[in-house]
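Containing CSV, N, CA and C atoms: upload-v8.csv.
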chain,number,residue,atom,x,y,z
A,218,MET,N,-3.8,-49.6,-30.4
A,218,MET,CA,-2.4,-49.1,-30.3
A,218,MET,C,-1.6,-50.0,-29.4
A,219,ALA,N,-0.4,-50.3,-29.8
A,219,ALA,CA,0.5,-51.2,-29.0
A,219,ALA,C,0.9,-50.4,-27.7
A,220,LYS,N,1.0,-51.2,-26.7
A,220,LYS,CA,1.5,-50.6,-25.4
A,220,LYS,C,3.0,-50.3,-25.4
A,221,LEU,N,3.4,-49.1,-25.1
A,221,LEU,CA,4.8,-48.8,-25.1
A,221,LEU,C,5.4,-49.0,-23.7
A,222,SER,N,6.7,-49.5,-23.7
A,222,SER,CA,7.3,-49.7,-22.4
A,222,SER,C,7.8,-48.4,-21.9
A,223,GLN,N,8.2,-48.4,-20.7
A,223,GLN,CA,8.7,-47.2,-20.0
A,223,GLN,C,10.0,-46.7,-20.8
A,224,ASP,N,10.8,-47.6,-21.2
A,224,ASP,CA,12.1,-47.3,-21.9
A,224,ASP,C,11.7,-46.7,-23.2
A,225,ASP,N,10.7,-47.2,-23.9
A,225,ASP,CA,10.3,-46.6,-25.2
A,225,ASP,C,9.8,-45.2,-25.0
A,226,LEU,N,9.0,-45.0,-24.0
A,226,LEU,CA,8.5,-43.6,-23.7
A,226,LEU,C,9.7,-42.7,-23.4
A,227,LEU,N,10.6,-43.1,-22.6
A,227,LEU,CA,11.7,-42.2,-22.3
A,227,LEU,C,12.6,-41.9,-23.5
A,228,ALA,N,12.7,-42.9,-24.4
A,228,ALA,CA,13.4,-42.6,-25.6
A,228,ALA,C,12.7,-41.6,-26.5
A,229,GLN,N,11.4,-41.6,-26.5
A,229,GLN,CA,10.6,-40.6,-27.2
A,229,GLN,C,10.8,-39.3,-26.6
A,230,PHE,N,10.8,-39.2,-25.3
A,230,PHE,CA,10.9,-37.9,-24.6
A,230,PHE,C,12.3,-37.3,-24.8
A,231,GLU,N,13.3,-38.1,-24.9
A,231,GLU,CA,14.7,-37.6,-25.2
A,231,GLU,C,14.8,-36.9,-26.5
A,232,GLU,N,14.0,-37.4,-27.5
A,232,GLU,CA,14.1,-36.8,-28.8
A,232,GLU,C,13.3,-35.5,-28.9
A,233,MET,N,12.5,-35.1,-27.9
A,233,MET,CA,11.6,-34.0,-28.0
A,233,MET,C,12.4,-32.7,-27.5
A,234,THR,N,12.0,-31.6,-28.1
A,234,THR,CA,12.6,-30.3,-27.6
A,234,THR,C,11.9,-29.9,-26.3
A,235,LEU,N,12.4,-29.0,-25.6
A,235,LEU,CA,11.8,-28.5,-24.4
A,235,LEU,C,10.4,-28.0,-24.6
A,236,ILE,N,10.3,-27.3,-25.7
A,236,ILE,CA,8.9,-26.7,-26.0
A,236,ILE,C,7.9,-27.8,-26.3
A,237,GLU,N,8.3,-28.8,-27.1
A,237,GLU,CA,7.4,-29.9,-27.4
A,237,GLU,C,7.1,-30.7,-26.1
A,238,LEU,N,8.1,-30.9,-25.2
A,238,LEU,CA,7.9,-31.6,-24.0
A,238,LEU,C,6.9,-30.7,-23.1
A,239,SER,N,7.1,-29.4,-23.0
A,239,SER,CA,6.2,-28.6,-22.3
A,239,SER,C,4.8,-28.7,-22.7
A,240,GLU,N,4.6,-28.6,-24.1
A,240,GLU,CA,3.3,-28.8,-24.6
A,240,GLU,C,2.7,-30.1,-24.3
A,241,PHE,N,3.5,-31.2,-24.3
A,241,PHE,CA,3.0,-32.5,-24.0
A,241,PHE,C,2.5,-32.5,-22.5
A,242,VAL,N,3.3,-31.9,-21.6
A,242,VAL,CA,3.0,-31.9,-20.2
A,242,VAL,C,1.7,-31.2,-20.0
A,243,LYS,N,1.5,-30.1,-20.7
A,243,LYS,CA,0.2,-29.3,-20.5
A,243,LYS,C,-1.0,-30.1,-21.0
A,244,ALA,N,-0.8,-30.8,-22.1
A,244,ALA,CA,-1.9,-31.7,-22.6
A,244,ALA,C,-2.2,-32.8,-21.7
A,245,PHE,N,-1.1,-33.4,-21.1
A,245,PHE,CA,-1.3,-34.5,-20.1
A,245,PHE,C,-2.0,-34.0,-18.9
A,246,GLU,N,-1.6,-32.8,-18.4
A,246,GLU,CA,-2.3,-32.3,-17.2
A,246,GLU,C,-3.8,-32.0,-17.5
A,247,GLU,N,-4.1,-31.5,-18.7
A,247,GLU,CA,-5.5,-31.2,-19.0
A,247,GLU,C,-6.3,-32.5,-19.2
A,248,LYS,N,-5.7,-33.5,-19.8
A,248,LYS,CA,-6.4,-34.8,-20.1
A,248,LYS,C,-6.7,-35.5,-18.8
A,249,PHE,N,-5.8,-35.6,-17.9
A,249,PHE,CA,-5.9,-36.4,-16.7
A,249,PHE,C,-6.2,-35.5,-15.4
A,250,ASP,N,-6.3,-34.2,-15.6
A,250,ASP,CA,-6.7,-33.3,-14.5
A,250,ASP,C,-5.7,-33.4,-13.3
A,251,VAL,N,-4.4,-33.4,-13.7
A,251,VAL,CA,-3.3,-33.5,-12.7
A,251,VAL,C,-2.3,-32.4,-12.9
A,252,THR,N,-1.4,-32.2,-12.0
A,252,THR,CA,-0.3,-31.3,-12.2
A,252,THR,C,1.0,-32.2,-12.2
A,253,ALA,N,1.9,-31.8,-13.1
A,253,ALA,CA,3.1,-32.6,-13.2
A,253,ALA,C,4.4,-31.8,-13.0
A,254,ALA,N,4.3,-31.0,-11.9
A,254,ALA,CA,5.5,-30.1,-11.6
A,254,ALA,C,6.7,-30.9,-11.4
A,255,ALA,N,6.7,-32.0,-10.7
A,255,ALA,CA,7.9,-32.8,-10.4
A,255,ALA,C,8.4,-33.4,-11.7
A,256,ALA,N,7.5,-33.9,-12.6
A,256,ALA,CA,7.9,-34.5,-13.9
A,256,ALA,C,8.6,-33.5,-14.8
A,257,VAL,N,8.2,-32.2,-14.7
A,257,VAL,CA,8.8,-31.2,-15.5
A,257,VAL,C,10.2,-30.9,-15.0
A,258,ALA,N,10.4,-30.9,-13.7
A,258,ALA,CA,11.7,-30.6,-13.1
A,258,ALA,C,12.7,-31.7,-13.4
A,259,VAL,N,12.2,-32.9,-13.4
A,259,VAL,CA,13.1,-34.1,-13.7
A,259,VAL,C,13.4,-34.1,-15.2
A,260,ALA,N,12.5,-33.8,-16.1
A,260,ALA,CA,12.7,-33.9,-17.5
A,260,ALA,C,13.5,-32.7,-18.0
A,261,GLY,N,13.5,-31.5,-17.3
A,261,GLY,CA,14.1,-30.3,-17.8
A,261,GLY,C,15.6,-30.5,-18.0
A,262,PRO,N,16.4,-31.0,-17.1
A,262,PRO,CA,17.8,-31.0,-17.3
A,262,PRO,C,18.2,-32.0,-18.4
A,263,ALA,N,17.4,-33.0,-18.7
A,263,ALA,CA,17.8,-34.0,-19.8
A,263,ALA,C,17.9,-33.4,-21.1
A,264,GLY,N,17.1,-32.3,-21.4
A,264,GLY,CA,17.0,-31.7,-22.7
A,264,GLY,C,17.7,-30.4,-22.8
A,265,VAL,N,18.8,-30.1,-22.0
A,265,VAL,CA,19.4,-28.9,-22.0
A,265,VAL,C,20.1,-28.7,-23.3
A,266,GLY,N,19.8,-27.6,-24.0
A,266,GLY,CA,20.3,-27.3,-25.3
A,266,GLY,C,20.2,-25.8,-25.6
A,267,PRO,N,20.3,-25.4,-26.8
A,267,PRO,CA,20.2,-24.0,-27.1
A,267,PRO,C,18.8,-23.4,-26.7
A,268,ALA,N,17.8,-24.1,-26.8
A,268,ALA,CA,16.4,-23.6,-26.5
A,268,ALA,C,16.4,-23.3,-25.0
A,269,ALA,N,17.0,-24.2,-24.2
A,269,ALA,CA,16.9,-24.0,-22.7
A,269,ALA,C,17.8,-22.8,-22.3
A,270,GLU,N,18.9,-22.6,-23.0
A,270,GLU,CA,19.8,-21.5,-22.6
A,270,GLU,C,19.1,-20.2,-23.0
A,271,ALA,N,18.4,-20.2,-24.1
A,271,ALA,CA,17.7,-18.9,-24.6
A,271,ALA,C,16.6,-18.5,-23.6
A,272,GLU,N,15.9,-19.5,-23.0
A,272,GLU,CA,14.8,-19.2,-22.1
A,272,GLU,C,15.3,-18.7,-20.8
A,273,GLU,N,16.5,-19.1,-20.3
A,273,GLU,CA,16.9,-18.7,-19.0
A,273,GLU,C,17.4,-17.2,-19.1
A,274,GLU,N,16.9,-16.5,-18.1
A,274,GLU,CA,17.3,-15.1,-18.0
A,274,GLU,C,18.1,-14.9,-16.7
A,275,LYS,N,19.1,-14.1,-16.8
A,275,LYS,CA,19.9,-13.8,-15.6
A,275,LYS,C,19.1,-13.0,-14.6
A,276,ASP,N,19.0,-13.5,-13.4
A,276,ASP,CA,18.2,-12.8,-12.4
A,276,ASP,C,19.1,-12.3,-11.2
A,277,GLU,N,20.4,-12.6,-11.2
A,277,GLU,CA,21.2,-12.1,-10.2
A,277,GLU,C,22.4,-11.3,-10.8
A,278,PHE,N,22.7,-10.2,-10.3
A,278,PHE,CA,23.7,-9.3,-10.9
A,278,PHE,C,24.6,-8.8,-9.8
A,279,ASP,N,25.9,-8.5,-10.2
A,279,ASP,CA,26.9,-8.0,-9.3
A,279,ASP,C,27.2,-6.6,-9.8
A,280,VAL,N,27.2,-5.6,-8.8
A,280,VAL,CA,27.6,-4.3,-9.1
A,280,VAL,C,29.0,-4.1,-8.7
A,281,ILE,N,29.9,-3.8,-9.7
A,281,ILE,CA,31.3,-3.7,-9.4
A,281,ILE,C,31.8,-2.3,-9.6
A,282,LEU,N,32.5,-1.8,-8.6
A,282,LEU,CA,33.1,-0.4,-8.7
A,282,LEU,C,34.4,-0.5,-9.4
A,283,ALA,N,34.4,0.0,-10.6
A,283,ALA,CA,35.6,0.0,-11.4
A,283,ALA,C,36.6,1.0,-11.1
A,284,GLY,N,36.1,2.2,-10.7
A,284,GLY,CA,37.0,3.3,-10.3
A,284,GLY,C,36.2,4.4,-9.5
A,285,ALA,N,36.9,5.1,-8.6
A,285,ALA,CA,36.2,6.1,-7.8
A,285,ALA,C,36.0,7.4,-8.6
A,286,GLY,N,36.8,7.7,-9.5
A,286,GLY,CA,36.7,9.0,-10.2
A,286,GLY,C,37.3,10.1,-9.4
A,287,ASP,N,36.8,11.4,-9.7
A,287,ASP,CA,37.4,12.6,-9.0
A,287,ASP,C,36.7,12.8,-7.7
A,288,LYS,N,35.5,12.4,-7.5
A,288,LYS,CA,34.8,12.7,-6.2
A,288,LYS,C,34.8,11.4,-5.3
A,289,LYS,N,35.9,11.1,-4.8
A,289,LYS,CA,36.1,9.9,-4.0
A,289,LYS,C,35.2,9.9,-2.7
A,290,ILE,N,35.1,11.1,-2.1
A,290,ILE,CA,34.4,11.2,-0.9
A,290,ILE,C,32.9,10.9,-1.1
A,291,GLN,N,32.4,11.4,-2.2
A,291,GLN,CA,31.0,11.2,-2.6
A,291,GLN,C,30.7,9.7,-2.9
A,292,VAL,N,31.7,9.1,-3.5
A,292,VAL,CA,31.5,7.7,-3.9
A,292,VAL,C,31.5,6.8,-2.6
A,293,ILE,N,32.4,7.2,-1.6
A,293,ILE,CA,32.4,6.5,-0.3
A,293,ILE,C,31.1,6.6,0.4
A,294,LYS,N,30.5,7.8,0.3
A,294,LYS,CA,29.2,8.0,1.0
A,294,LYS,C,28.1,7.1,0.3
A,295,VAL,N,28.1,7.1,-1.0
A,295,VAL,CA,27.1,6.2,-1.7
A,295,VAL,C,27.4,4.8,-1.4
A,296,VAL,N,28.6,4.3,-1.3
A,296,VAL,CA,28.9,2.9,-1.0
A,296,VAL,C,28.4,2.6,0.4
A,297,ARG,N,28.5,3.6,1.3
A,297,ARG,CA,28.0,3.3,2.7
A,297,ARG,C,26.5,3.3,2.7
A,298,GLU,N,25.8,4.1,1.9
A,298,GLU,CA,24.4,4.0,1.8
A,298,GLU,C,23.9,2.7,1.2
A,299,LEU,N,24.6,2.2,0.2
A,299,LEU,CA,24.2,0.9,-0.4
A,299,LEU,C,24.5,-0.3,0.4
A,300,THR,N,25.5,-0.2,1.2
A,300,THR,CA,25.9,-1.4,2.0
A,300,THR,C,25.8,-1.1,3.5
A,301,SER,N,26.1,-2.0,4.3
A,301,SER,CA,26.1,-1.8,5.8
A,301,SER,C,27.6,-1.6,6.3
A,302,LEU,N,28.5,-1.1,5.4
A,302,LEU,CA,29.9,-0.9,5.7
A,302,LEU,C,30.1,0.3,6.5
A,303,GLY,N,31.1,0.3,7.4
A,303,GLY,CA,31.5,1.5,8.1
A,303,GLY,C,32.3,2.4,7.2
A,304,LEU,N,32.7,3.5,7.8
A,304,LEU,CA,33.5,4.5,7.0
A,304,LEU,C,34.8,3.9,6.5
A,305,LYS,N,35.6,3.2,7.4
A,305,LYS,CA,36.9,2.6,7.0
A,305,LYS,C,36.7,1.6,6.0
A,306,GLU,N,35.7,0.7,6.2
A,306,GLU,CA,35.5,-0.4,5.2
A,306,GLU,C,35.1,0.1,3.8
A,307,ALA,N,34.2,1.1,3.8
A,307,ALA,CA,33.8,1.7,2.6
A,307,ALA,C,35.0,2.4,1.9
A,308,LYS,N,35.8,3.1,2.6
A,308,LYS,CA,37.0,3.7,2.1
A,308,LYS,C,37.9,2.7,1.5
A,309,ASP,N,38.2,1.6,2.2
A,309,ASP,CA,39.0,0.5,1.7
A,309,ASP,C,38.5,-0.1,0.4
A,310,LEU,N,37.2,-0.3,0.4
A,310,LEU,CA,36.6,-0.8,-0.8
A,310,LEU,C,36.8,0.1,-2.0
A,311,VAL,N,36.6,1.4,-1.8
A,311,VAL,CA,36.7,2.4,-2.9
A,311,VAL,C,38.2,2.5,-3.3
A,312,ASP,N,39.1,2.5,-2.3
A,312,ASP,CA,40.5,2.5,-2.6
A,312,ASP,C,41.0,1.3,-3.4
A,313,GLY,N,40.4,0.1,-3.1
A,313,GLY,CA,40.8,-1.1,-3.7
A,313,GLY,C,40.1,-1.4,-5.0
A,314,ALA,N,39.4,-0.5,-5.6
A,314,ALA,CA,38.7,-0.7,-6.9
A,314,ALA,C,39.6,-1.3,-7.9
A,315,PRO,N,39.2,-2.2,-8.8
A,315,PRO,CA,37.8,-2.7,-8.9
A,315,PRO,C,37.4,-3.7,-7.9
A,316,LYS,N,36.3,-3.6,-7.3
A,316,LYS,CA,35.8,-4.5,-6.3
A,316,LYS,C,34.3,-4.5,-6.4
A,317,PRO,N,33.6,-5.6,-6.0
A,317,PRO,CA,32.2,-5.7,-6.0
A,317,PRO,C,31.6,-4.9,-4.8
A,318,VAL,N,30.6,-4.1,-5.1
A,318,VAL,CA,29.9,-3.4,-4.1
A,318,VAL,C,28.7,-4.2,-3.6
A,319,LEU,N,27.9,-4.7,-4.5
A,319,LEU,CA,26.8,-5.5,-4.2
A,319,LEU,C,26.9,-6.8,-5.1
A,320,GLU,N,26.5,-7.9,-4.5
A,320,GLU,CA,26.6,-9.2,-5.2
A,320,GLU,C,25.3,-9.9,-5.1
A,321,LYS,N,24.9,-10.5,-6.3
A,321,LYS,CA,23.7,-11.4,-6.4
A,321,LYS,C,22.4,-10.6,-6.0
A,322,VAL,N,22.3,-9.4,-6.6
A,322,VAL,CA,21.1,-8.7,-6.4
A,322,VAL,C,20.2,-8.7,-7.6
A,323,ASN,N,18.9,-8.3,-7.5
A,323,ASN,CA,18.1,-8.3,-8.7
A,323,ASN,C,18.4,-7.2,-9.6
A,324,LYS,N,17.9,-7.2,-10.8
A,324,LYS,CA,18.2,-6.2,-11.9
A,324,LYS,C,17.9,-4.8,-11.4
A,325,GLU,N,16.7,-4.7,-10.8
A,325,GLU,CA,16.3,-3.3,-10.4
A,325,GLU,C,17.3,-2.7,-9.3
A,326,ALA,N,17.6,-3.5,-8.3
A,326,ALA,CA,18.6,-3.0,-7.3
A,326,ALA,C,19.9,-2.8,-7.9
A,327,ALA,N,20.4,-3.6,-8.8
A,327,ALA,CA,21.7,-3.4,-9.5
A,327,ALA,C,21.7,-2.1,-10.3
A,328,ASP,N,20.6,-1.9,-11.1
A,328,ASP,CA,20.5,-0.6,-11.9
A,328,ASP,C,20.5,0.6,-11.0
A,329,LYS,N,19.7,0.5,-9.9
A,329,LYS,CA,19.6,1.6,-8.9
A,329,LYS,C,20.9,2.0,-8.3
A,330,ALA,N,21.7,0.9,-7.9
A,330,ALA,CA,23.0,1.1,-7.3
A,330,ALA,C,24.0,1.7,-8.3
A,331,ALA,N,23.9,1.2,-9.5
A,331,ALA,CA,24.9,1.7,-10.5
A,331,ALA,C,24.6,3.1,-10.8
A,332,GLU,N,23.3,3.5,-10.9
A,332,GLU,CA,23.0,4.9,-11.2
A,332,GLU,C,23.5,5.8,-10.0
A,333,ALA,N,23.3,5.4,-8.8
A,333,ALA,CA,23.7,6.2,-7.6
A,333,ALA,C,25.3,6.3,-7.7
A,334,LEU,N,26.0,5.3,-8.0
A,334,LEU,CA,27.4,5.4,-8.0
A,334,LEU,C,27.9,6.2,-9.2
A,335,LYS,N,27.3,6.1,-10.3
A,335,LYS,CA,27.6,6.9,-11.4
A,335,LYS,C,27.3,8.4,-11.1
A,336,GLY,N,26.2,8.6,-10.5
A,336,GLY,CA,25.9,10.0,-10.1
A,336,GLY,C,26.9,10.6,-9.2
A,337,ALA,N,27.6,9.8,-8.4
A,337,ALA,CA,28.6,10.3,-7.5
A,337,ALA,C,30.0,10.5,-8.2
A,338,GLY,N,30.0,10.0,-9.5
A,338,GLY,CA,31.3,10.2,-10.2
A,338,GLY,C,32.1,8.9,-10.4
A,339,ALA,N,31.6,7.8,-10.0
A,339,ALA,CA,32.3,6.5,-10.1
A,339,ALA,C,32.1,5.9,-11.4
A,340,SER,N,33.0,5.0,-11.8
A,340,SER,CA,32.8,4.2,-13.0
A,340,SER,C,32.4,2.8,-12.5
A,341,VAL,N,31.3,2.2,-13.0
A,341,VAL,CA,30.6,1.0,-12.5
A,341,VAL,C,30.4,0.0,-13.6
A,342,GLU,N,30.5,-1.2,-13.3
A,342,GLU,CA,30.1,-2.3,-14.2
A,342,GLU,C,29.0,-3.2,-13.5
A,343,VAL,N,28.0,-3.6,-14.3
A,343,VAL,CA,27.0,-4.5,-13.8
A,343,VAL,C,27.2,-5.8,-14.5
A,344,LYS,N,27.4,-6.9,-13.8
A,344,LYS,CA,27.7,-8.2,-14.4
A,344,LYS,C,26.6,-9.2,-13.9
Can you dump the structure from the file as structure tokens?
Amino acid sequence: MAKLSQDDLLAQFEEMTLIELSEFVKAFEEKFDVTAAAAVAVAGPAGVGPAAEAEEEKDEFDVILAGAGDKKIQVIKVVRELTSLGLKEAKDLVDGAPKPVLEKVNKEAADKAAEALKGAGASVEVK
């Protein structure tokens, strides 16, 4: 087999999908008993396409208070429980809706906060 230059190899890698590249890296690691974590990180952004977007899952969510509803006092209490805000700050947040209550939290925490706020009568959005 003819020896390929580094540029030839890179050209071949550019034509591969992320899945093909991932399989190649696994085979390379097994063949030479090495780990190529840095190589995967470098190669990943070069092949950003529909496959890469489909594999990424959102892991940070914002809980936004859309409206306080009829039970404003209950909503203020829940906002205080979810955050470290004082009474005045929590009241201002509820009065100024729509506003974010929690930002960049995991899915479980966002769902739990949304359920608590809905239980108090507020309307909530999770983005």
Distance in Å - atom N of Phe230 in chain A versus atom N of Lys275 in chain A
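Separation between atom N of Phe230 in chain A and atom N of Lys275 in chain A: 27.8 Å.
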Could you please determine the separation between atom C of Asp287 in chain A and atom N of Lys321 in chain A in Å, to one decimal place?
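Answer for the atom C of Asp287 in chain A to atom N of Lys321 in chain A separation: 26.2 Å.
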Record the distance separating CA of Leu310 in chain A and CA of Val296 in chain A, expressed in Å with one decimal.
8.5 Å
From the list A:Ala314, A:Leu221, A:Met233, A:Ala307, which residue is nearest Ile281 in chain A when using only N, CA and C atoms?
A:Ala314
Of the candidates A:Val280, A:Asp250, A:Val292, A:Ile236, which shows the shortest atom-to-atom distance to Pro317 in chain A, using only N, CA and C atoms?
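Closest to Pro317 in chain A, using only N, CA and C atoms: A:Val280.
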Looking at A:Val251, A:Leu304, A:Val242, A:Leu334, which one is nearest to Gly286 in chain A, with distances taken over only C-alpha atoms?
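Counting only C-alpha atoms, the residue closest to Gly286 in chain A is A:Leu334.
The residue that comes closest to Glu320 in chain A, out of A:Glu306, A:Glu332, A:Asp225, A:Glu277 and on the basis of all atoms listed in the file, is A:Glu277.
The set of protein, DNA and RNA residues with any counted atom at most 6 Å from (23.8, -11.1, -11.1) (only N, CA and C atoms) reads Asp276, Glu277, Phe278, Asp279, Lys321, Val322 and Lys344 of chain A.
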Could you write out, as a list in words, all the residues of chain A that DSSP marks as strand (DSSP E or B)?
Phe278, Asp279, Val280, Ile281, Leu282, Ala283, Gly284, Lys316, Pro317, Val318, Leu319, Glu320, Lys321, Val322, Ser340, Val341, Glu342 and Val343 of chain A
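Closest to Val318 in chain A among A:Arg297, A:Lys243, A:Lys289, A:Lys305 is A:Arg297, based on only C-alpha atoms.
Of the residues under consideration (A:Gln229, A:Ser340, A:Asn323, A:Ser301), A:Ser340 shows the shortest atom-to-atom contact distance to Lys288 in chain A when counting only C-alpha atoms.
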Residue set, range 269-319 of chain A restricted to helix (DSSP H, G or I), as JSON, numbers by chain
{"A": [269, 270, 271, 272, 289, 290, 291, 292, 293, 294, 295, 296, 297, 298, 299, 304, 305, 306, 307, 308, 309, 310, 311, 312]}
